[in-house]
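S.K.: This is the content of data-v9.pdb (PDB, C-alpha atoms and all ligand atoms):
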```pdb
ATOM      1  CA  MET A   1     169.779  67.061 114.335
ATOM      2  CA  ALA A   2     166.857  68.410 116.331
ATOM      3  CA  ASN A   3     167.674  69.593 119.832
ATOM      4  CA  ILE A   4     164.682  68.216 121.743
ATOM      5  CA  GLU A   5     164.510  69.595 125.280
ATOM      6  CA  ARG A   6     162.104  69.646 128.195
ATOM      7  CA  THR A   7     161.520  72.694 130.378
ATOM      8  CA  LEU A   8     159.652  73.404 133.606
ATOM      9  CA  VAL A   9     157.269  76.364 133.636
ATOM     10  CA  LEU A  10     155.708  77.702 136.830
ATOM     11  CA  ILE A  11     152.920  80.258 136.852
ATOM     12  CA  LYS A  12     153.658  82.231 140.030
ATOM     13  CA  PRO A  13     151.164  83.636 142.560
ATOM     14  CA  ASP A  14     151.163  87.192 141.128
ATOM     15  CA  ALA A  15     150.075  85.872 137.727
ATOM     16  CA  ILE A  16     147.380  83.712 139.340
ATOM     17  CA  GLU A  17     146.106  86.730 141.274
ATOM     18  CA  LYS A  18     146.084  88.832 138.097
ATOM     19  CA  ARG A  19     144.127  86.078 136.266
ATOM     20  CA  ILE A  20     146.675  85.975 133.442
ATOM     21  CA  SER A  21     147.480  82.260 133.620
ATOM     22  CA  GLY A  22     145.364  81.647 130.510
ATOM     23  CA  LEU A  23     147.123  84.462 128.673
ATOM     24  CA  ILE A  24     150.528  83.042 129.637
ATOM     25  CA  LEU A  25     149.552  79.555 128.485
ATOM     26  CA  ASP A  26     148.246  80.970 125.224
ATOM     27  CA  ARG A  27     151.561  82.735 124.575
ATOM     28  CA  LEU A  28     153.533  79.582 125.368
ATOM     29  CA  ASP A  29     151.165  77.398 123.335
ATOM     30  CA  ARG A  30     152.002  79.450 120.241
ATOM     31  CA  LEU A  31     155.668  78.446 120.504
ATOM     32  CA  GLY A  32     154.690  75.106 118.959
ATOM     33  CA  LEU A  33     155.978  72.943 121.802
ATOM     34  CA  GLN A  34     154.219  69.909 123.287
ATOM     35  CA  LEU A  35     152.614  70.260 126.706
ATOM     36  CA  THR A  36     153.455  66.993 128.474
ATOM     37  CA  GLY A  37     152.657  67.751 132.125
ATOM     38  CA  ALA A  38     150.330  70.069 134.049
ATOM     39  CA  LYS A  39     149.262  70.347 137.668
ATOM     40  CA  VAL A  40     148.182  72.675 140.453
ATOM     41  CA  VAL A  41     150.586  72.622 143.398
ATOM     42  CA  SER A  42     150.323  74.045 146.902
ATOM     43  CA  PRO A  43     154.058  73.987 147.576
ATOM     44  CA  THR A  44     155.831  73.512 150.875
ATOM     45  CA  GLU A  45     158.495  76.015 151.862
ATOM     46  CA  GLU A  46     161.014  73.168 151.503
ATOM     47  CA  LEU A  47     160.018  72.648 147.861
ATOM     48  CA  ILE A  48     160.462  76.352 147.113
ATOM     49  CA  ARG A  49     163.812  76.519 148.909
ATOM     50  CA  THR A  50     165.061  73.461 146.991
ATOM     51  CA  HIS A  51     163.825  74.917 143.694
ATOM     52  CA  TYR A  52     165.646  78.190 144.437
ATOM     53  CA  LYS A  53     168.690  76.672 146.178
ATOM     54  CA  HIS A  54     170.974  78.844 144.011
ATOM     55  CA  LEU A  55     169.522  81.898 145.776
ATOM     56  CA  ALA A  56     170.519  80.679 149.274
ATOM     57  CA  GLY A  57     172.576  83.319 151.058
ATOM     58  CA  THR A  58     171.278  86.227 148.997
ATOM     59  CA  PRO A  59     169.590  89.109 150.843
ATOM     60  CA  PHE A  60     166.356  88.547 148.898
ATOM     61  CA  VAL A  61     165.905  84.767 149.256
ATOM     62  CA  ASP A  62     163.404  84.950 152.124
ATOM     63  CA  GLY A  63     161.367  87.508 150.200
ATOM     64  CA  VAL A  64     161.366  85.295 147.118
ATOM     65  CA  VAL A  65     160.244  82.290 149.212
ATOM     66  CA  ASP A  66     157.429  84.391 150.735
ATOM     67  CA  TYR A  67     156.448  85.509 147.226
ATOM     68  CA  MET A  68     156.332  81.915 145.939
ATOM     69  CA  MET A  69     154.312  80.894 149.017
ATOM     70  CA  GLY A  70     151.704  83.483 148.000
ATOM     71  CA  LYS A  71     152.259  85.867 150.899
ATOM     72  CA  TYR A  72     152.254  88.971 148.694
ATOM     73  CA  ASN A  73     149.289  88.003 146.579
ATOM     74  CA  ASN A  74     145.707  87.154 147.326
ATOM     75  CA  VAL A  75     145.817  83.497 146.283
ATOM     76  CA  PRO A  76     144.070  80.979 148.539
ATOM     77  CA  ASN A  77     146.249  77.946 149.360
ATOM     78  CA  HIS A  78     149.341  79.624 147.854
ATOM     79  CA  LYS A  79     148.834  77.858 144.560
ATOM     80  CA  ILE A  80     151.344  77.552 141.760
ATOM     81  CA  TYR A  81     150.543  76.078 138.335
ATOM     82  CA  ALA A  82     153.289  73.792 137.038
ATOM     83  CA  PHE A  83     153.845  72.668 133.448
ATOM     84  CA  VAL A  84     156.316  70.680 131.402
ATOM     85  CA  PHE A  85     156.832  71.636 127.773
ATOM     86  CA  GLN A  86     158.867  69.559 125.357
ATOM     87  CA  GLY A  87     160.196  70.299 121.907
ATOM     88  CA  GLU A  88     162.990  71.677 119.779
ATOM     89  CA  ASP A  89     165.017  74.296 121.677
ATOM     90  CA  ALA A  90     162.223  74.420 124.268
ATOM     91  CA  ILE A  91     164.375  76.131 126.910
ATOM     92  CA  ALA A  92     165.467  79.087 124.776
ATOM     93  CA  LYS A  93     162.045  79.462 123.163
ATOM     94  CA  VAL A  94     160.230  79.684 126.508
ATOM     95  CA  ARG A  95     162.866  81.924 128.115
ATOM     96  CA  GLY A  96     162.658  84.245 125.104
ATOM     97  CA  GLU A  97     158.894  84.521 125.417
ATOM     98  CA  ILE A  98     158.926  85.196 129.169
ATOM     99  CA  GLY A  99     161.802  87.733 129.074
ATOM    100  CA  SER A 100     164.572  88.752 131.467
ATOM    101  CA  THR A 101     164.399  88.158 135.227
ATOM    102  CA  ASN A 102     164.060  91.865 136.057
ATOM    103  CA  PRO A 103     160.644  92.917 134.724
ATOM    104  CA  GLU A 104     161.789  96.546 134.407
ATOM    105  CA  LYS A 105     164.596  95.466 132.090
ATOM    106  CA  ALA A 106     162.681  92.748 130.242
ATOM    107  CA  ALA A 107     161.574  93.627 126.719
ATOM    108  CA  PRO A 108     158.108  95.215 126.995
ATOM    109  CA  TRP A 109     156.454  92.637 124.729
ATOM    110  CA  THR A 110     157.592  89.680 126.841
ATOM    111  CA  ILE A 111     155.401  88.228 129.603
ATOM    112  CA  ARG A 112     157.624  89.550 132.391
ATOM    113  CA  GLY A 113     158.069  92.905 130.644
ATOM    114  CA  SER A 114     154.317  93.259 130.221
ATOM    115  CA  PHE A 115     153.052  92.054 133.594
ATOM    116  CA  GLY A 116     155.928  91.867 136.109
ATOM    117  CA  ARG A 117     156.672  94.358 138.859
ATOM    118  CA  ILE A 118     159.216  94.850 141.634
ATOM    119  CA  ILE A 119     157.945  95.215 145.181
ATOM    120  CA  GLY A 120     160.676  95.894 147.758
ATOM    121  CA  ASP A 121     163.536  93.629 146.752
ATOM    122  CA  VAL A 122     161.399  90.921 145.148
ATOM    123  CA  MET A 123     160.889  90.709 141.424
ATOM    124  CA  GLN A 124     157.319  89.519 141.000
ATOM    125  CA  ASN A 125     157.819  88.347 137.436
ATOM    126  CA  CYS A 126     154.794  86.111 136.880
ATOM    127  CA  VAL A 127     156.470  83.010 135.512
ATOM    128  CA  HIS A 128     159.443  80.703 135.967
ATOM    129  CA  ALA A 129     161.123  78.752 133.182
ATOM    130  CA  SER A 130     164.190  76.528 133.350
ATOM    131  CA  GLY A 131     167.449  78.114 132.221
ATOM    132  CA  ALA A 132     169.453  75.095 131.043
ATOM    133  CA  PRO A 133     168.902  71.382 130.241
ATOM    134  CA  ASP A 134     170.395  70.018 133.497
ATOM    135  CA  GLU A 135     168.440  72.588 135.510
ATOM    136  CA  ALA A 136     165.260  71.614 133.640
ATOM    137  CA  GLU A 137     165.628  67.906 134.406
ATOM    138  CA  GLN A 138     166.324  68.614 138.104
ATOM    139  CA  GLU A 139     163.338  70.936 138.313
ATOM    140  CA  ILE A 140     160.959  68.560 136.524
ATOM    141  CA  ALA A 141     161.995  65.775 138.940
ATOM    142  CA  LEU A 142     161.362  68.132 141.859
ATOM    143  CA  TRP A 143     157.860  69.215 140.820
ATOM    144  CA  PHE A 144     156.553  66.113 139.003
ATOM    145  CA  LYS A 145     156.489  62.371 139.555
ATOM    146  CA  PRO A 146     157.755  60.556 136.429
ATOM    147  CA  GLU A 147     154.288  59.114 135.705
ATOM    148  CA  GLU A 148     152.759  62.618 135.700
ATOM    149  CA  VAL A 149     154.687  63.621 132.576
ATOM    150  CA  LEU A 150     153.983  62.119 129.153
ATOM    151  CA  ASP A 151     156.996  60.559 127.519
ATOM    152  CA  PHE A 152     156.948  60.867 123.721
TER
HETATM  153  N1  LIG B   1     164.742  87.329 142.158
HETATM  154  C1  LIG B   1     164.523  88.529 142.838
HETATM  155  N2  LIG B   1     165.551  89.448 142.904
HETATM  156  C2  LIG B   1     166.762  89.226 142.316
HETATM  157  C3  LIG B   1     166.968  88.001 141.631
HETATM  158  C4  LIG B   1     165.938  87.082 141.574
HETATM  159  O1  LIG B   1     163.427  88.759 143.359
HETATM  160  O2  LIG B   1     167.638  90.100 142.397
HETATM  161  C5  LIG B   1     163.645  86.331 142.090
HETATM  162  C6  LIG B   1     162.853  86.454 140.783
HETATM  163  O3  LIG B   1     161.486  86.191 141.046
HETATM  164  C7  LIG B   1     163.498  85.360 139.943
HETATM  165  C8  LIG B   1     163.810  84.302 140.971
HETATM  166  O4  LIG B   1     164.188  85.033 142.137
HETATM  167  O5  LIG B   1     162.617  84.909 138.914
HETATM  168  C9  LIG B   1     164.915  83.333 140.584
HETATM  169  O6  LIG B   1     166.082  84.039 140.227
HETATM  170  P1  LIG B   1     166.942  83.643 138.946
HETATM  171  O7  LIG B   1     168.194  84.440 139.001
HETATM  172  O8  LIG B   1     167.070  82.163 138.855
HETATM  173  O9  LIG B   1     166.070  84.219 137.727
HETATM  174  P2  LIG B   1     165.162  83.478 136.620
HETATM  175  O10 LIG B   1     165.836  82.201 136.223
HETATM  176  O11 LIG B   1     163.810  83.244 137.242
HETATM  177  O12 LIG B   1     165.068  84.446 135.475
HETATM  178 MG    MG B   2     166.788  80.775 137.275
END
```
In structure tokens, write the structure found in this file.
M.R.:
Amino acid sequence: MANIERTLVLIKPDAIEKRISGLILDRLDRLGLQLTGAKVVSPTEELIRTHYKHLAGTPFVDGVVDYMMGKYNNVPNHKIYAFVFQGEDAIAKVRGEIGSTNPEKAAPWTIRGSFGRIIGDVMQNCVHASGAPDEAEQEIALWFKPEEVLDF
């Protein structure tokens, strides 16, 4: 039976600054999934801290929050582009295409391996994608209202 999943993708401020959001979308589009939600968000710090609640208490959390708020990149209004993709094994397919968290260890042909960098203790890795089905549903509910996502 098909394992239909949804996943949240965020294009982070470094990728917006580098003007590679189209390239990232093109790579994800080729995975054959359905794009069911898309928006531009100017996130509050609270939204970022909730999204990254599993990082609370780490020495790098404040740096990661600053990164997601656009403080390290020249992006007016600290924009993030948010997407929902749906389809068979969507979570593993998207995570495979974006690569490992650490851009220096990610396979060179992945998005993070190609375009990510580490500045100080923050991995500016261009794109977020959900890591598991329960995480995906929590994240989609955090970033999107139900009516903003198509339901096939
Ligand atoms: N991060 C970082 N340093 C670390 C671990 C994580 O800067 O040692 C940042 C990085 O941008 C990462 C995000 O925090 O994408 C969330 O971390 P997580 O472990 O959830 O990695 P992901 O699921 O994004 O691969
Ligand atoms: Mg994660």
S.K.: Report, in Å with one decimal, the straight-line distance from atom N1 of ligand LIG 1 (chain B) to CA of Thr101 (chain A).
M.R.: 7.0 Å
S.K.: Identify the residues around (164.9, 75.0, 142.7) within a radius of 10 Å, measuring from only C-alpha atoms in the coordinates stated by the file, and give them as a PDB file with C-alpha atoms, keeping the file's coordinate frame.
M.R.:
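Saved the output as out_12.pdb:
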```pdb
ATOM      1  CA  GLU A  46     161.014  73.168 151.503  1.00  0.00           C
ATOM      2  CA  LEU A  47     160.018  72.648 147.861  1.00  0.00           C
ATOM      3  CA  ILE A  48     160.462  76.352 147.113  1.00  0.00           C
ATOM      4  CA  ARG A  49     163.812  76.519 148.909  1.00  0.00           C
ATOM      5  CA  THR A  50     165.061  73.461 146.991  1.00  0.00           C
ATOM      6  CA  HIS A  51     163.825  74.917 143.694  1.00  0.00           C
ATOM      7  CA  TYR A  52     165.646  78.190 144.437  1.00  0.00           C
ATOM      8  CA  LYS A  53     168.690  76.672 146.178  1.00  0.00           C
ATOM      9  CA  HIS A  54     170.974  78.844 144.011  1.00  0.00           C
ATOM     10  CA  LEU A  55     169.522  81.898 145.776  1.00  0.00           C
ATOM     11  CA  SER A 130     164.190  76.528 133.350  1.00  0.00           C
ATOM     12  CA  GLU A 135     168.440  72.588 135.510  1.00  0.00           C
ATOM     13  CA  ALA A 136     165.260  71.614 133.640  1.00  0.00           C
ATOM     14  CA  GLN A 138     166.324  68.614 138.104  1.00  0.00           C
ATOM     15  CA  GLU A 139     163.338  70.936 138.313  1.00  0.00           C
ATOM     16  CA  ILE A 140     160.959  68.560 136.524  1.00  0.00           C
ATOM     17  CA  LEU A 142     161.362  68.132 141.859  1.00  0.00           C
ATOM     18  CA  TRP A 143     157.860  69.215 140.820  1.00  0.00           C
TER      19      TRP A 143
END
```
S.K.: Can you translate the PyMOL selection byres (((chain A and resi 65) around 12) and not hetatm) into the concrete residues it hits in this file, as a ChimeraX atom specification?
M.R.: /A:12-13,43-53,55-56,58-64,66-72,78,122-124
S.K.: Is it possible to get the residues within 12 Å of (154.9, 81.6, 122.4) (coordinates as in the file, counting all atoms listed in the file) written as a list in words?
M.R.: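 Within the cut-off we find Leu23, Ile24, Leu25, Asp26, Arg27, Leu28, Asp29, Arg30, Leu31, Gly32, Leu33, Gln34, Phe85, Ala90, Ile91, Ala92, Lys93, Val94, Arg95, Gly96, Glu97, Ile98, Gly99, Trp109, Thr110 and Ile111 of chain A.
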S.K.: Written as a JSON list (two decimals) with C-alpha atoms, in the coordinates of the input, which residues does the PyMOL selection byres (((chain A and resi 81) around 10) and not hetatm) give for the file shown?
M.R.:
```json
[["chain", "number", "residue", "atom", "x", "y", "z"],
["A", 9, "VAL", "CA", 157.27, 76.36, 133.64],
["A", 10, "LEU", "CA", 155.71, 77.70, 136.83],
["A", 11, "ILE", "CA", 152.92, 80.26, 136.85],
["A", 12, "LYS", "CA", 153.66, 82.23, 140.03],
["A", 13, "PRO", "CA", 151.16, 83.64, 142.56],
["A", 15, "ALA", "CA", 150.07, 85.87, 137.73],
["A", 16, "ILE", "CA", 147.38, 83.71, 139.34],
["A", 21, "SER", "CA", 147.48, 82.26, 133.62],
["A", 38, "ALA", "CA", 150.33, 70.07, 134.05],
["A", 39, "LYS", "CA", 149.26, 70.35, 137.67],
["A", 40, "VAL", "CA", 148.18, 72.68, 140.45],
["A", 41, "VAL", "CA", 150.59, 72.62, 143.40],
["A", 42, "SER", "CA", 150.32, 74.04, 146.90],
["A", 79, "LYS", "CA", 148.83, 77.86, 144.56],
["A", 80, "ILE", "CA", 151.34, 77.55, 141.76],
["A", 82, "ALA", "CA", 153.29, 73.79, 137.04],
["A", 83, "PHE", "CA", 153.84, 72.67, 133.45],
["A", 127, "VAL", "CA", 156.47, 83.01, 135.51]]
```
